[in-house]
Amino acid sequence: MTLSIVKNATCTFCGCVCDDIELHAEGEKIVKTKGACSLGESWFKHHTAERLYPDALIDGKPATVDHAVEAAANYLYDANMPLVYGLSNITCEAQREAVFLAEIIGGVIDSHTSL
Ligand code: SF4
């Protein structure tokens with residue numbers, strides 16, 4: 001299999017956004033990283049360009065995105081204290097939408113950094 005090397009790759013895992021990482025890939029799989037910390041290395045090595053999952057799941061079963069959005073809206077509507085949590089590995093625009101969502105559902109928001 002052909003080895004390809006990407007220099008100055010950017011890691012978006014933790015928010016530090018290290019942009020001097022070298023990646024070695026065989027096909028669609030990253031097999032080696034240089035310059036990434038252990039978290040970044042794990043993140044890169046466990047992501048591929050393959051489609052491993054369906055677009056959406058409802059109760060662990062494949063679903064359309066429209067049905068999944070509707071199911072999520074129902075869960076949030078029925079929740080007593082909704083928590084919007086996570087927000088790493090997403091764009092600023094998506095974070096803005098998450099904050100807006102927390103506001104309109106009367107929920108609270110937190111990121112993984114609270115761990
Ligand atoms: S390489 Fe490590 S420190 Fe840098 S962005 Fe990735 S997880 Fe964060």
# chains A, B, ... in the order shown; residues from 1 in each chain; ligands from 1

call {"tool": "residues_around", "arguments": {"residues": "Ile5 in chain A", "least_positions_apart": "5", "cutoff": "8 Å", "atoms": "only C-alpha atoms", "output": "list in words"}}
result
Glu22, Leu23, His24 and Ala25 of chain A

call {"tool": "write_last_selection", "arguments": {"atoms": "N, CA and C atoms", "output": "PDB file, in the first residue's frame"}}
result
ATOM      1  N   GLU A  22       2.926  16.037  11.601  1.00  0.00           N
ATOM      2  CA  GLU A  22       3.168  15.273  10.371  1.00  0.00           C
ATOM      3  C   GLU A  22       2.395  13.964  10.469  1.00  0.00           C
ATOM      4  N   LEU A  23       1.648  13.660   9.432  1.00  0.00           N
ATOM      5  CA  LEU A  23       0.832  12.451   9.413  1.00  0.00           C
ATOM      6  C   LEU A  23       1.314  11.513   8.316  1.00  0.00           C
ATOM      7  N   HIS A  24       1.364  10.223   8.644  1.00  0.00           N
ATOM      8  CA  HIS A  24       1.696   9.195   7.661  1.00  0.00           C
ATOM      9  C   HIS A  24       0.455   8.330   7.488  1.00  0.00           C
ATOM     10  N   ALA A  25       0.015   8.181   6.249  1.00  0.00           N
ATOM     11  CA  ALA A  25      -1.211   7.426   5.989  1.00  0.00           C
ATOM     12  C   ALA A  25      -0.963   6.331   4.972  1.00  0.00           C
TER      13      ALA A  25
END

call {"tool": "residues_near_ligand", "arguments": {"ligand": "ligand 1", "cutoff": "6 Å", "atoms": "only C-alpha atoms and all ligand atoms", "output": "ChimeraX atom specification"}}
result
/A:11-18,36-37,39-40

call {"tool": "closest_atom_pairs", "arguments": {"of": "range 62-96 of chain A", "to": "range 108-112 of chain A", "cutoff": "9 Å", "atoms": "only C-alpha atoms", "output": "tab-separated table"}}
result
residue	atom	partner	partner_atom	distance
A:Met81	CA	A:Val108	CA	7.6
A:Pro82	CA	A:Val108	CA	6.5
A:Leu83	CA	A:Val108	CA	5.0
A:Val84	CA	A:Ile109	CA	4.7
A:Tyr85	CA	A:Asp110	CA	5.0
A:Gly86	CA	A:Ser111	CA	4.6
A:Leu87	CA	A:Ser111	CA	5.8
A:Ser88	CA	A:His112	CA	7.0

call {"tool": "residues_around", "arguments": {"residues": "Leu57 in chain A", "least_positions_apart": "5", "cutoff": "12 Å", "atoms": "only C-alpha atoms", "output": "list in words"}}
result
Pro62, Ala63, Thr64, Val65, Asp66, His67, Ala68, Val69, Glu70, Ala71 and Ala72 of chain A

call {"tool": "write_last_selection", "arguments": {"atoms": "C-alpha atoms", "output": "tab-separated table (two decimals), in the first residue's frame"}}
result
chain	number	residue	atom	x	y	z
A	62	PRO	CA	-30.01	3.70	11.50
A	63	ALA	CA	-32.31	6.61	10.74
A	64	THR	CA	-32.59	9.55	8.41
A	65	VAL	CA	-31.22	12.87	9.61
A	66	ASP	CA	-34.72	14.38	9.51
A	67	HIS	CA	-36.11	11.65	11.76
A	68	ALA	CA	-33.13	11.94	14.11
A	69	VAL	CA	-33.57	15.71	14.41
A	70	GLU	CA	-37.25	15.19	15.21
A	71	ALA	CA	-36.41	12.55	17.83
A	72	ALA	CA	-33.77	14.83	19.38

call {"tool": "select_by_dssp", "arguments": {"residues": "chain A", "states": "strand (DSSP E or B)", "output": "VMD selection string"}}
result
chain A and resid 3 to 9 21 to 26 29 to 34 48 56 to 58 61 to 63 83 to 86 108 to 111

call {"tool": "select_by_dssp", "arguments": {"residues": "range 19-62 of chain A", "states": "alpha helix (DSSP H)", "output": "ChimeraX atom specification"}}
result
/A:38-45

call {"tool": "write_last_selection", "arguments": {"atoms": "N, CA and C atoms", "output": "PDB file, in the first residue's frame"}}
result
ATOM      1  N   SER A  38      -0.194  12.610  23.022  1.00  0.00           N
ATOM      2  CA  SER A  38      -0.846  11.290  23.035  1.00  0.00           C
ATOM      3  C   SER A  38      -2.327  11.392  22.698  1.00  0.00           C
ATOM      4  N   LEU A  39      -2.988  12.473  23.137  1.00  0.00           N
ATOM      5  CA  LEU A  39      -4.412  12.651  22.802  1.00  0.00           C
ATOM      6  C   LEU A  39      -4.583  12.849  21.302  1.00  0.00           C
ATOM      7  N   GLY A  40      -3.731  13.725  20.752  1.00  0.00           N
ATOM      8  CA  GLY A  40      -3.823  14.001  19.323  1.00  0.00           C
ATOM      9  C   GLY A  40      -3.496  12.768  18.496  1.00  0.00           C
ATOM     10  N   GLU A  41      -2.480  12.025  18.906  1.00  0.00           N
ATOM     11  CA  GLU A  41      -2.112  10.812  18.182  1.00  0.00           C
ATOM     12  C   GLU A  41      -3.284   9.824  18.165  1.00  0.00           C
ATOM     13  N   SER A  42      -3.895   9.637  19.319  1.00  0.00           N
ATOM     14  CA  SER A  42      -5.034   8.722  19.395  1.00  0.00           C
ATOM     15  C   SER A  42      -6.176   9.207  18.512  1.00  0.00           C
ATOM     16  N   TRP A  43      -6.422  10.504  18.545  1.00  0.00           N
ATOM     17  CA  TRP A  43      -7.513  11.077  17.750  1.00  0.00           C
ATOM     18  C   TRP A  43      -7.266  10.849  16.263  1.00  0.00           C
ATOM     19  N   PHE A  44      -6.046  11.154  15.809  1.00  0.00           N
ATOM     20  CA  PHE A  44      -5.746  10.976  14.388  1.00  0.00           C
ATOM     21  C   PHE A  44      -5.823   9.511  13.984  1.00  0.00           C
ATOM     22  N   LYS A  45      -5.277   8.628  14.804  1.00  0.00           N
ATOM     23  CA  LYS A  45      -5.208   7.220  14.402  1.00  0.00           C
ATOM     24  C   LYS A  45      -6.557   6.517  14.397  1.00  0.00           C
TER      25      LYS A  45
END

call {"tool": "atom_distance", "arguments": {"atom1": "CA of Glu26 in chain A", "atom2": "CA of Leu3 in chain A"}}
result
4.8 Å
